[in-house]
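One structure below.
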Amino acid sequence: TELKPKRQPLWTIYLIMPPAPATSFIIPTPLLMLIAVTTMPLLLAGGESIPTTLDGPFKPSTRRFDPSLRRGSDDLPIDHPRLRKSNVSSDLPEQIALALSTPSSIWVSWVTGDAVVGKDVKPLDATLVSSEVWYGKEKGNYTLKKKGNATVYSQLYPFDGLLNYTSGIIHHVLIDGLEPDTKYYYRCGDSSVPAMSEEISFDTLPLPSKDSYPHRIAFVGDLGLTSNTTTTIDHLMDNDPSLVVIVGDLTYANQYRTTGGKGASCFSCSFPDAPIRETYQPRWDAWGRFMEPLTSKVPMMVIEGNHEIEPQASGVTFKSYSERFAVPSTESGSNSNFYYSFDAGGVHFVMLGAYVDYNQTGAQYAWLKEDLSKVDRSVTPWLVATMHPPWYNSYSSHYQEFECMRQEMEELLYQHRVDIIFAGHVHAYERMNRIYNYTLDPCGAVYITIGDGGNIEKVDVDFADDPEKCPSPGDNVPEIGGSCPLNFTSGPAKGKFCWDRQPDWSAFRESSFGHGILEVMNSTYALWTWHRNQDVYKDDSYGDQIYIVRQPNLCISPATSREAGGGRETSGGENRLSSPSFPVFIWIFLMFGIL
């Protein structure tokens, strides 16, 4: 694998982690010398050391909010150059976005026509336009063409002083027959008008394989549309990801109009007489335009957050989210936009819904159990989960808010040895030590909170372990679902709702806006880097960086007979040993003393 300068050559790490042989043996002296030599770059390469999760659990560390920075910024005005409609004709596509479907297919989505806001709104007729994508492997030569479907939706508030909305025409087209690791050129629109977009290109991801991974995977959450958001996305684009994962709370359209672009941390507190929480739907269109320079070229995968609920007077929820985004729900067997899965090279993602039924008796749990049982860790060694709210969180904001969900689902994820779990919701950064059921566990997942995208509600700065900052058990209650606050039953916080110091499972936390980049190097090593917004103009600067290391030979999944990465598989009582992470020829060299 080609690595950036100043980063350790990961092949050396292969050599120091051989799988256990079938029979015991004495390690030859040359191998001991090899171990000593090959570990040196880990400590000395580039004059700095990047820690690995093998060095953990780490002593809890906090970098408090820098008072020289602002905690937040105002929303961008609706007529901001990056938000307003630029097409002369409303027939031309805008808000173009890509999303993964299968390893050989991608969704292309866009919007045409003009949305309408007012007291009396009439939906556009989606049947009057065509949804087409032309694509091919050469500029201007579109050898393949696909058609899809179109829809419109309305957001209705039959109350005095509130405005209704009906959308432009939203198009979704699935293009297939794509080859892996290939650049494609495409145009989308309606050729009969004609109203086709300019030519755009994208690169497909590698096929699922233990040896192939996306170049970089970006993670961000709780974005909104503020000045901080622009810094986050510009910084993210500079890092050149090949896939973007957004862990919920996308536009904050439900706070723009009613708070005058200033935000409100507690809507019901600020507007106790509001008949319903109105959402200003043109912010969705503005967000789509703002994101288009990224999403028209790089697939974006999303999961819903609480700001996507957007209840209407009729009781309809999540309408904007459901209609605007194409996700592989049918392809992954979930048949729901609120939870689904997909492969990105050798990484299998499960996107979990926190605002639909997650109980063990429900459809989502049944789907998750079946999905995880089908994962072949010899093909997709890495297993990554995402959801909007964090299960582990030491900030006062949203503290233990989704403890019910953790109690329902965590054991299943642990049994299948999920490697990393990303969440947002808390507007700050936090990385946990490996943990399971509030206990440090070398086989537990690495939980990372990345809800610091830049939204209007400002960055969270209070910790639950700070004096007078521990919330009461009734303070953090989900909009949907139950509340299950608990007191700790062991350790330094035994009998208490909050710790009186940073919990031992919280490895590092900082109150800053930013985004993260995951670079999967091979079947056992992945480099995680958290980039802070204040570091956007600094070279080789970051807020947090660590190699996340899988140990498939140590952490054998009780839920499956296959061991990821280690190459050992049990089938019909027969044990077969292979060592994909340790080349066979090196073993032969060692046996004959060549090394």
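Just remember, in the structure tokens the first chain shown is A, the second B, etc., residues are 1-based per chain, and ligands are 1-based in the order shown.
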Next on the checklist: For the helix (DSSP H, G or I) assignment from backbone DSSP, which residues of range 399-592 of chain A qualify? Please present them as a count of residues only.
Outcome noted: 24
Item to check | Tyr355 in chain A environment, 7 Å, only C-alpha atoms, sequence neighbours closer than 2 positions dropped, as a ChimeraX atom specification | outcome: /A:353,357,480-481
Checklist outcome for this item: For Ser314 in chain A, the closest of A:Gln155, A:Ser557, A:Thr386, A:Thr102 counting only C-alpha atoms is A:Gln155
Strand (DSSP E or B) per DSSP on the backbone: members of range 333-375 of chain A, as a short mmCIF file (atom, residue, chain, number, x, y, z; two decimals) with C-alpha atoms, in the first residue's frame:
data_model
loop_
_atom_site.label_atom_id
_atom_site.label_comp_id
_atom_site.auth_asym_id
_atom_site.auth_seq_id
_atom_site.Cartn_x
_atom_site.Cartn_y
_atom_site.Cartn_z
CA TYR A 340 -29.53 -0.24 5.63
CA SER A 341 -26.08 -1.61 4.77
CA PHE A 342 -23.55 -1.47 1.95
CA ASP A 343 -20.01 -2.49 1.05
CA ALA A 344 -17.18 -0.09 0.25
CA VAL A 347 -15.48 -2.47 4.55
CA HIS A 348 -19.06 -3.46 5.37
CA PHE A 349 -21.19 -0.61 6.71
CA VAL A 350 -24.37 -0.93 8.74
CA MET A 351 -26.33 2.32 9.05
#
Non-local contacts of range 204-211 of chain A (12 Å; only C-alpha atoms; under 6 positions in same chain excluded) as an mmCIF file with N, CA, C and O atoms, in the first residue's frame:
data_model
loop_
_atom_site.group_PDB
_atom_site.id
_atom_site.type_symbol
_atom_site.label_atom_id
_atom_site.label_comp_id
_atom_site.auth_asym_id
_atom_site.auth_seq_id
_atom_site.Cartn_x
_atom_site.Cartn_y
_atom_site.Cartn_z
ATOM 1 N N THR A 1 0.841 -1.197 0.000
ATOM 2 C CA THR A 1 0.000 0.000 0.000
ATOM 3 C C THR A 1 0.870 1.238 0.000
ATOM 4 O O THR A 1 1.789 1.363 0.794
ATOM 5 N N LEU A 98 -24.621 11.675 -5.605
ATOM 6 C CA LEU A 98 -24.389 10.252 -5.831
ATOM 7 C C LEU A 98 -24.531 9.493 -4.519
ATOM 8 O O LEU A 98 -24.261 10.026 -3.443
ATOM 9 N N ALA A 99 -24.955 8.233 -4.613
ATOM 10 C CA ALA A 99 -25.014 7.355 -3.451
ATOM 11 C C ALA A 99 -24.735 5.933 -3.892
ATOM 12 O O ALA A 99 -25.132 5.521 -4.994
ATOM 13 N N LEU A 100 -24.038 5.172 -3.060
ATOM 14 C CA LEU A 100 -23.715 3.787 -3.395
ATOM 15 C C LEU A 100 -24.973 2.923 -3.377
ATOM 16 O O LEU A 100 -25.869 3.120 -2.560
ATOM 17 N N SER A 101 -25.007 1.944 -4.273
ATOM 18 C CA SER A 101 -26.089 0.964 -4.290
ATOM 19 C C SER A 101 -25.498 -0.423 -4.043
ATOM 20 O O SER A 101 -25.618 -0.972 -2.964
ATOM 21 N N THR A 102 -24.832 -0.962 -5.045
ATOM 22 C CA THR A 102 -24.090 -2.216 -4.930
ATOM 23 C C THR A 102 -22.672 -1.942 -5.414
ATOM 24 O O THR A 102 -22.383 -0.848 -5.907
ATOM 25 N N PRO A 103 -21.766 -2.905 -5.307
ATOM 26 C CA PRO A 103 -20.409 -2.663 -5.811
ATOM 27 C C PRO A 103 -20.339 -2.315 -7.285
ATOM 28 O O PRO A 103 -19.340 -1.755 -7.736
ATOM 29 N N SER A 104 -21.406 -2.582 -8.037
ATOM 30 C CA SER A 104 -21.376 -2.281 -9.473
ATOM 31 C C SER A 104 -22.474 -1.301 -9.894
ATOM 32 O O SER A 104 -22.749 -1.158 -11.081
ATOM 33 N N SER A 105 -23.099 -0.619 -8.926
ATOM 34 C CA SER A 105 -24.165 0.315 -9.283
ATOM 35 C C SER A 105 -24.183 1.493 -8.320
ATOM 36 O O SER A 105 -23.772 1.377 -7.158
ATOM 37 N N ILE A 106 -24.671 2.625 -8.822
ATOM 38 C CA ILE A 106 -24.703 3.873 -8.052
ATOM 39 C C ILE A 106 -26.008 4.601 -8.341
ATOM 40 O O ILE A 106 -26.506 4.596 -9.475
ATOM 41 N N TRP A 107 -26.557 5.237 -7.311
ATOM 42 C CA TRP A 107 -27.714 6.107 -7.478
ATOM 43 C C TRP A 107 -27.256 7.511 -7.868
ATOM 44 O O TRP A 107 -26.306 8.040 -7.303
ATOM 45 N N LYS A 137 -17.070 5.655 -20.045
ATOM 46 C CA LYS A 137 -15.703 5.721 -19.506
ATOM 47 C C LYS A 137 -14.823 6.721 -20.246
ATOM 48 O O LYS A 137 -13.649 6.866 -19.913
ATOM 49 N N ILE A 175 -27.783 3.664 -11.938
ATOM 50 C CA ILE A 175 -26.946 3.260 -13.072
ATOM 51 C C ILE A 175 -26.127 2.051 -12.648
ATOM 52 O O ILE A 175 -25.582 2.006 -11.541
ATOM 53 N N ASP A 176 -26.064 1.056 -13.529
ATOM 54 C CA ASP A 176 -25.402 -0.200 -13.159
ATOM 55 C C ASP A 176 -24.393 -0.605 -14.223
ATOM 56 O O ASP A 176 -24.093 0.146 -15.151
ATOM 57 N N GLY A 177 -23.837 -1.799 -14.067
ATOM 58 C CA GLY A 177 -22.822 -2.278 -14.994
ATOM 59 C C GLY A 177 -21.494 -1.566 -14.837
ATOM 60 O O GLY A 177 -20.670 -1.560 -15.766
ATOM 61 N N LEU A 178 -21.259 -0.978 -13.673
ATOM 62 C CA LEU A 178 -20.030 -0.211 -13.448
ATOM 63 C C LEU A 178 -18.865 -1.122 -13.094
ATOM 64 O O LEU A 178 -19.016 -2.086 -12.326
ATOM 65 N N GLU A 179 -17.704 -0.802 -13.623
ATOM 66 C CA GLU A 179 -16.500 -1.547 -13.313
ATOM 67 C C GLU A 179 -15.804 -0.921 -12.099
ATOM 68 O O GLU A 179 -15.877 0.289 -11.880
ATOM 69 N N PRO A 180 -15.124 -1.731 -11.299
ATOM 70 C CA PRO A 180 -14.475 -1.181 -10.097
ATOM 71 C C PRO A 180 -13.259 -0.331 -10.430
ATOM 72 O O PRO A 180 -12.648 -0.481 -11.503
ATOM 73 N N ASP A 181 -12.927 0.579 -9.549
ATOM 74 C CA ASP A 181 -11.736 1.425 -9.686
ATOM 75 C C ASP A 181 -11.646 2.073 -11.070
ATOM 76 O O ASP A 181 -10.596 2.071 -11.716
ATOM 77 N N THR A 182 -12.752 2.637 -11.503
ATOM 78 C CA THR A 182 -12.837 3.189 -12.855
ATOM 79 C C THR A 182 -13.464 4.579 -12.818
ATOM 80 O O THR A 182 -14.403 4.818 -12.058
ATOM 81 N N LYS A 183 -12.965 5.485 -13.636
ATOM 82 C CA LYS A 183 -13.550 6.817 -13.745
ATOM 83 C C LYS A 183 -14.647 6.789 -14.799
ATOM 84 O O LYS A 183 -14.458 6.285 -15.909
ATOM 85 N N TYR A 184 -15.816 7.325 -14.420
ATOM 86 C CA TYR A 184 -16.941 7.438 -15.344
ATOM 87 C C TYR A 184 -17.321 8.908 -15.512
ATOM 88 O O TYR A 184 -17.184 9.713 -14.588
ATOM 89 N N TYR A 185 -17.811 9.217 -16.688
ATOM 90 C CA TYR A 185 -18.307 10.552 -17.006
ATOM 91 C C TYR A 185 -19.811 10.451 -17.236
ATOM 92 O O TYR A 185 -20.293 9.492 -17.862
ATOM 93 N N ILE A 217 -12.174 7.649 3.485
ATOM 94 C CA ILE A 217 -13.593 7.738 3.814
ATOM 95 C C ILE A 217 -13.760 8.885 4.800
ATOM 96 O O ILE A 217 -13.145 8.887 5.871
ATOM 97 N N PRO A 241 -11.727 12.825 -0.290
ATOM 98 C CA PRO A 241 -12.291 11.509 0.038
ATOM 99 C C PRO A 241 -12.874 10.831 -1.189
ATOM 100 O O PRO A 241 -13.250 11.484 -2.172
ATOM 101 N N SER A 242 -12.979 9.522 -1.123
ATOM 102 C CA SER A 242 -13.652 8.769 -2.181
ATOM 103 C C SER A 242 -15.039 8.315 -1.746
ATOM 104 O O SER A 242 -15.775 7.719 -2.534
ATOM 105 N N LEU A 243 -15.394 8.611 -0.493
ATOM 106 C CA LEU A 243 -16.719 8.306 0.043
ATOM 107 C C LEU A 243 -16.955 9.229 1.230
ATOM 108 O O LEU A 243 -16.037 9.495 2.006
ATOM 109 N N LYS A 297 -19.704 14.329 -7.308
ATOM 110 C CA LYS A 297 -18.483 13.628 -7.709
ATOM 111 C C LYS A 297 -18.089 12.504 -6.761
ATOM 112 O O LYS A 297 -17.338 11.607 -7.141
ATOM 113 N N VAL A 298 -18.579 12.564 -5.530
ATOM 114 C CA VAL A 298 -18.218 11.580 -4.502
ATOM 115 C C VAL A 298 -19.499 11.043 -3.876
ATOM 116 O O VAL A 298 -20.356 11.828 -3.443
ATOM 117 N N PRO A 299 -19.679 9.721 -3.787
ATOM 118 C CA PRO A 299 -20.893 9.176 -3.170
ATOM 119 C C PRO A 299 -21.042 9.637 -1.720
ATOM 120 O O PRO A 299 -20.070 9.677 -0.966
ATOM 121 N N PHE A 342 -24.213 -1.491 3.249
ATOM 122 C CA PHE A 342 -23.553 -1.472 1.951
ATOM 123 C C PHE A 342 -22.082 -1.823 2.142
ATOM 124 O O PHE A 342 -21.546 -1.759 3.264
ATOM 125 N N ASP A 343 -21.437 -2.197 1.056
ATOM 126 C CA ASP A 343 -20.009 -2.489 1.054
ATOM 127 C C ASP A 343 -19.260 -1.363 0.354
ATOM 128 O O ASP A 343 -19.712 -0.827 -0.661
ATOM 129 N N ALA A 344 -18.099 -1.032 0.889
ATOM 130 C CA ALA A 344 -17.176 -0.090 0.253
ATOM 131 C C ALA A 344 -15.809 -0.756 0.251
ATOM 132 O O ALA A 344 -15.059 -0.661 1.230
ATOM 133 N N GLY A 345 -15.494 -1.455 -0.838
ATOM 134 C CA GLY A 345 -14.279 -2.261 -0.840
ATOM 135 C C GLY A 345 -14.368 -3.305 0.265
ATOM 136 O O GLY A 345 -15.386 -3.979 0.417
ATOM 137 N N GLY A 346 -13.309 -3.415 1.063
ATOM 138 C CA GLY A 346 -13.271 -4.406 2.137
ATOM 139 C C GLY A 346 -13.892 -3.953 3.433
ATOM 140 O O GLY A 346 -13.581 -4.502 4.499
ATOM 141 N N VAL A 347 -14.794 -2.964 3.364
ATOM 142 C CA VAL A 347 -15.485 -2.470 4.555
ATOM 143 C C VAL A 347 -16.980 -2.695 4.380
ATOM 144 O O VAL A 347 -17.569 -2.287 3.371
ATOM 145 N N HIS A 348 -17.601 -3.318 5.373
ATOM 146 C CA HIS A 348 -19.058 -3.463 5.370
ATOM 147 C C HIS A 348 -19.635 -2.463 6.366
ATOM 148 O O HIS A 348 -19.243 -2.433 7.535
ATOM 149 N N PHE A 349 -20.550 -1.629 5.892
ATOM 150 C CA PHE A 349 -21.188 -0.611 6.714
ATOM 151 C C PHE A 349 -22.596 -1.044 7.092
ATOM 152 O O PHE A 349 -23.349 -1.529 6.233
ATOM 153 N N VAL A 375 -22.205 -11.390 6.741
ATOM 154 C CA VAL A 375 -20.929 -10.743 6.484
ATOM 155 C C VAL A 375 -19.815 -11.783 6.469
ATOM 156 O O VAL A 375 -19.649 -12.560 7.418
ATOM 157 N N ASP A 376 -19.047 -11.802 5.402
ATOM 158 C CA ASP A 376 -17.890 -12.695 5.264
ATOM 159 C C ASP A 376 -16.646 -11.877 5.555
ATOM 160 O O ASP A 376 -16.198 -11.096 4.713
ATOM 161 N N ARG A 377 -16.074 -12.051 6.729
ATOM 162 C CA ARG A 377 -14.937 -11.220 7.126
ATOM 163 C C ARG A 377 -13.669 -11.560 6.355
ATOM 164 O O ARG A 377 -12.676 -10.832 6.455
ATOM 165 N N SER A 378 -13.669 -12.642 5.598
ATOM 166 C CA SER A 378 -12.532 -12.915 4.716
ATOM 167 C C SER A 378 -12.620 -12.085 3.433
ATOM 168 O O SER A 378 -11.657 -11.978 2.679
ATOM 169 N N VAL A 379 -13.785 -11.479 3.185
ATOM 170 C CA VAL A 379 -13.987 -10.611 2.020
ATOM 171 C C VAL A 379 -14.070 -9.152 2.455
ATOM 172 O O VAL A 379 -13.432 -8.275 1.857
ATOM 173 N N THR A 380 -14.861 -8.884 3.483
ATOM 174 C CA THR A 380 -14.953 -7.529 4.059
ATOM 175 C C THR A 380 -14.509 -7.621 5.521
ATOM 176 O O THR A 380 -15.356 -7.714 6.421
ATOM 177 N N PRO A 381 -13.203 -7.572 5.760
ATOM 178 C CA PRO A 381 -12.705 -7.725 7.134
ATOM 179 C C PRO A 381 -13.204 -6.654 8.086
ATOM 180 O O PRO A 381 -13.452 -6.927 9.264
ATOM 181 N N TRP A 382 -13.368 -5.437 7.595
ATOM 182 C CA TRP A 382 -13.750 -4.329 8.455
ATOM 183 C C TRP A 382 -15.262 -4.215 8.526
ATOM 184 O O TRP A 382 -15.962 -4.252 7.501
ATOM 185 N N LEU A 383 -15.764 -4.066 9.739
ATOM 186 C CA LEU A 383 -17.194 -3.919 9.973
ATOM 187 C C LEU A 383 -17.403 -2.622 10.755
ATOM 188 O O LEU A 383 -16.921 -2.461 11.881
ATOM 189 N N VAL A 520 -8.226 3.061 5.413
ATOM 190 C CA VAL A 520 -8.024 1.642 5.701
ATOM 191 C C VAL A 520 -6.822 1.156 4.907
ATOM 192 O O VAL A 520 -6.813 1.208 3.676
ATOM 193 N N MET A 521 -5.806 0.708 5.626
ATOM 194 C CA MET A 521 -4.550 0.315 4.992
ATOM 195 C C MET A 521 -4.568 -1.136 4.519
ATOM 196 O O MET A 521 -4.024 -1.464 3.467
ATOM 197 N N ASN A 522 -5.149 -1.992 5.327
ATOM 198 C CA ASN A 522 -5.180 -3.425 5.020
ATOM 199 C C ASN A 522 -6.237 -4.063 5.908
ATOM 200 O O ASN A 522 -7.047 -3.358 6.509
ATOM 201 N N SER A 523 -6.225 -5.364 6.038
ATOM 202 C CA SER A 523 -7.296 -6.056 6.752
ATOM 203 C C SER A 523 -7.233 -5.878 8.260
ATOM 204 O O SER A 523 -8.178 -6.255 8.962
ATOM 205 N N THR A 524 -6.151 -5.301 8.784
ATOM 206 C CA THR A 524 -6.053 -5.140 10.235
ATOM 207 C C THR A 524 -5.728 -3.726 10.688
ATOM 208 O O THR A 524 -5.886 -3.419 11.874
ATOM 209 N N TYR A 525 -5.256 -2.861 9.813
ATOM 210 C CA TYR A 525 -4.850 -1.513 10.211
ATOM 211 C C TYR A 525 -5.627 -0.450 9.431
ATOM 212 O O TYR A 525 -5.771 -0.527 8.211
ATOM 213 N N ALA A 564 -12.050 -13.188 10.747
ATOM 214 C CA ALA A 564 -11.613 -12.167 9.798
ATOM 215 C C ALA A 564 -10.126 -11.969 9.884
ATOM 216 O O ALA A 564 -9.550 -11.918 10.955
ATOM 217 N N GLY A 565 -9.502 -11.859 8.718
ATOM 218 C CA GLY A 565 -8.096 -11.494 8.676
ATOM 219 C C GLY A 565 -7.165 -12.618 9.024
ATOM 220 O O GLY A 565 -6.055 -12.711 8.530
ATOM 221 N N GLY A 566 -7.558 -13.535 9.944
ATOM 222 C CA GLY A 566 -6.640 -14.568 10.374
ATOM 223 C C GLY A 566 -6.582 -15.734 9.418
ATOM 224 O O GLY A 566 -5.653 -16.533 9.475
ATOM 225 N N GLY A 567 -7.621 -15.867 8.588
ATOM 226 C CA GLY A 567 -7.594 -16.906 7.584
ATOM 227 C C GLY A 567 -8.013 -18.260 8.089
ATOM 228 O O GLY A 567 -7.953 -19.243 7.364
ATOM 229 N N PRO A 580 -3.136 -14.837 5.233
ATOM 230 C CA PRO A 580 -3.074 -13.765 4.243
ATOM 231 C C PRO A 580 -2.338 -12.537 4.742
ATOM 232 O O PRO A 580 -1.877 -11.732 3.962
ATOM 233 N N SER A 581 -2.275 -12.348 6.083
ATOM 234 C CA SER A 581 -1.591 -11.169 6.591
ATOM 235 C C SER A 581 -0.111 -11.419 6.811
ATOM 236 O O SER A 581 0.609 -10.551 7.278
#
Item to check | Contacts of Arg434 in chain A within 7 Å, only C-alpha atoms, excl. fewer than 2 positions in-chain, as number ranges by chain | outcome: A: 432, 440-446
Suppose we keep N, CA, C and O atoms; can you now write the selection as a compact mmCIF listing (two decimals), in the first residue's frame?
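result-v6.txt, written as the output of this step:
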# COMPACT_ATOMS: atom_id res chain seq x y z
N MET A 432 -13.43 6.96 22.10
CA MET A 432 -13.42 6.08 23.27
C MET A 432 -12.31 5.04 23.17
O MET A 432 -11.88 4.65 22.08
N LEU A 440 -14.02 -1.65 29.84
CA LEU A 440 -12.91 -1.69 28.90
C LEU A 440 -12.71 -3.12 28.43
O LEU A 440 -12.62 -4.05 29.23
N ASP A 441 -12.64 -3.28 27.11
CA ASP A 441 -12.62 -4.62 26.53
C ASP A 441 -11.78 -4.58 25.25
O ASP A 441 -12.11 -3.83 24.32
N PRO A 442 -10.69 -5.33 25.14
CA PRO A 442 -9.85 -5.28 23.94
C PRO A 442 -10.57 -5.71 22.68
O PRO A 442 -10.10 -5.44 21.58
N CYS A 443 -11.71 -6.38 22.82
CA CYS A 443 -12.48 -6.81 21.66
C CYS A 443 -13.71 -5.94 21.42
O CYS A 443 -14.50 -6.21 20.51
N GLY A 444 -13.88 -4.92 22.24
CA GLY A 444 -14.99 -4.01 22.03
C GLY A 444 -14.71 -3.07 20.88
O GLY A 444 -13.59 -2.95 20.39
N ALA A 445 -15.74 -2.39 20.44
CA ALA A 445 -15.60 -1.45 19.32
C ALA A 445 -14.93 -0.16 19.79
O ALA A 445 -14.94 0.18 20.97
N VAL A 446 -14.34 0.55 18.83
CA VAL A 446 -13.87 1.91 19.06
C VAL A 446 -15.03 2.84 18.69
O VAL A 446 -15.44 2.90 17.53
Item to check | Shell around His307 in chain A at 7 Å using only C-alpha atoms, local window under 4 positions removed, as a list of chain:residue names | outcome: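 Non-adjacent residues within range: A:Asp249, A:Tyr252, A:Asn254.
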Would you put the residues from that selection into a file with C-alpha atoms, as a compact mmCIF listing (two decimals), in the first residue's frame?
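Wrote selection.txt, looks like this:
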# COMPACT_ATOMS: atom_id res chain seq x y z
CA ASP A 249 -28.66 16.12 11.25
CA TYR A 252 -31.18 22.12 10.42
CA ASN A 254 -36.29 22.96 11.33
Checklist entry - CA of Lys145 in chain A to CA of Trp287 in chain A: how many Å, to one decimal? => result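 CA of Trp287 in chain A lies at a distance of 28.0 Å from CA of Lys145 in chain A.
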Item to check | Residue nearest Met300 in chain A among A:Ala97, A:Leu156, A:Cys404, A:Ala313 (counting only C-alpha atoms) | outcome: A:Ala97
Next on the checklist: I'd like to know which of A:Phe290, A:Leu162, A:Leu128, A:Glu457 is closest to Pro81 in chain A, using only C-alpha atoms.
Outcome noted: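 Among A:Phe290, A:Leu162, A:Leu128, A:Glu457, it is A:Phe290 that comes nearest to Pro81 in chain A.
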Checklist outcome for this item: If you count only C-alpha atoms, the residue of A:Ser109, A:Ser227, A:Ser167, A:Thr143 closest to Lys122 in chain A turns out to be A:Ser167
With only C-alpha atoms as the counted atoms, please give the residues lying no more than 8 Å from Gly453 in chain A, apart from itself and same-chain residues fewer than 2 positions off, as a PDB file with N, CA and C atoms, in the first residue's frame.
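The result, stored in selection-v3.pdb:
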ATOM      1  N   VAL A 220     -18.645  12.893   8.926  1.00  0.00           N
ATOM      2  CA  VAL A 220     -19.025  14.199   9.468  1.00  0.00           C
ATOM      3  C   VAL A 220     -20.469  14.095   9.920  1.00  0.00           C
ATOM      4  N   GLY A 221     -20.844  14.926  10.877  1.00  0.00           N
ATOM      5  CA  GLY A 221     -22.217  14.916  11.355  1.00  0.00           C
ATOM      6  C   GLY A 221     -22.658  16.292  11.799  1.00  0.00           C
ATOM      7  N   ASP A 222     -23.981  16.468  11.890  1.00  0.00           N
ATOM      8  CA  ASP A 222     -24.560  17.693  12.430  1.00  0.00           C
ATOM      9  C   ASP A 222     -24.022  18.922  11.695  1.00  0.00           C
ATOM     10  N   LEU A 223     -24.214  18.924  10.380  1.00  0.00           N
ATOM     11  CA  LEU A 223     -23.600  19.946   9.531  1.00  0.00           C
ATOM     12  C   LEU A 223     -24.303  21.298   9.598  1.00  0.00           C
ATOM     13  N   GLY A 224     -25.559  21.345   9.176  1.00  0.00           N
ATOM     14  CA  GLY A 224     -26.218  22.629   9.062  1.00  0.00           C
ATOM     15  C   GLY A 224     -25.706  23.430   7.885  1.00  0.00           C
ATOM     16  N   ASN A 228     -19.330  28.074   9.804  1.00  0.00           N
ATOM     17  CA  ASN A 228     -18.509  26.938  10.235  1.00  0.00           C
ATOM     18  C   ASN A 228     -18.686  25.743   9.304  1.00  0.00           C
ATOM     19  N   THR A 229     -19.935  25.554   8.817  1.00  0.00           N
ATOM     20  CA  THR A 229     -20.184  24.456   7.886  1.00  0.00           C
ATOM     21  C   THR A 229     -19.330  24.598   6.634  1.00  0.00           C
ATOM     22  N   THR A 232     -15.889  23.437   7.361  1.00  0.00           N
ATOM     23  CA  THR A 232     -15.850  21.977   7.472  1.00  0.00           C
ATOM     24  C   THR A 232     -15.830  21.308   6.107  1.00  0.00           C
ATOM     25  N   HIS A 427     -22.325  17.928  19.750  1.00  0.00           N
ATOM     26  CA  HIS A 427     -21.614  18.848  18.866  1.00  0.00           C
ATOM     27  C   HIS A 427     -20.191  19.074  19.357  1.00  0.00           C
ATOM     28  N   ILE A 450     -18.579  12.298  16.186  1.00  0.00           N
ATOM     29  CA  ILE A 450     -18.076  13.238  15.195  1.00  0.00           C
ATOM     30  C   ILE A 450     -19.186  14.216  14.802  1.00  0.00           C
ATOM     31  N   GLY A 451     -20.011  14.613  15.806  1.00  0.00           N
ATOM     32  CA  GLY A 451     -21.133  15.506  15.535  1.00  0.00           C
ATOM     33  C   GLY A 451     -20.761  16.970  15.556  1.00  0.00           C
ATOM     34  N   ASN A 455     -22.924  23.125  12.930  1.00  0.00           N
ATOM     35  CA  ASN A 455     -24.309  23.591  12.885  1.00  0.00           C
ATOM     36  C   ASN A 455     -24.584  24.808  13.772  1.00  0.00           C
ATOM     37  N   PHE A 513     -15.088  22.213  16.147  1.00  0.00           N
ATOM     38  CA  PHE A 513     -15.729  21.740  14.926  1.00  0.00           C
ATOM     39  C   PHE A 513     -14.694  21.067  14.027  1.00  0.00           C
ATOM     40  N   GLY A 514     -15.168  20.134  13.182  1.00  0.00           N
ATOM     41  CA  GLY A 514     -14.254  19.457  12.272  1.00  0.00           C
ATOM     42  C   GLY A 514     -14.899  18.277  11.571  1.00  0.00           C
ATOM     43  N   HIS A 515     -14.058  17.396  11.044  1.00  0.00           N
ATOM     44  CA  HIS A 515     -14.501  16.180  10.368  1.00  0.00           C
ATOM     45  C   HIS A 515     -13.411  15.142  10.524  1.00  0.00           C
TER      46      HIS A 515
END
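For the set A:Asp190, A:Glu411, A:Glu304, A:Asp466, the residue with the smallest atom-to-atom gap to Leu250 in chain A is A:Glu304, counting only C-alpha atoms.
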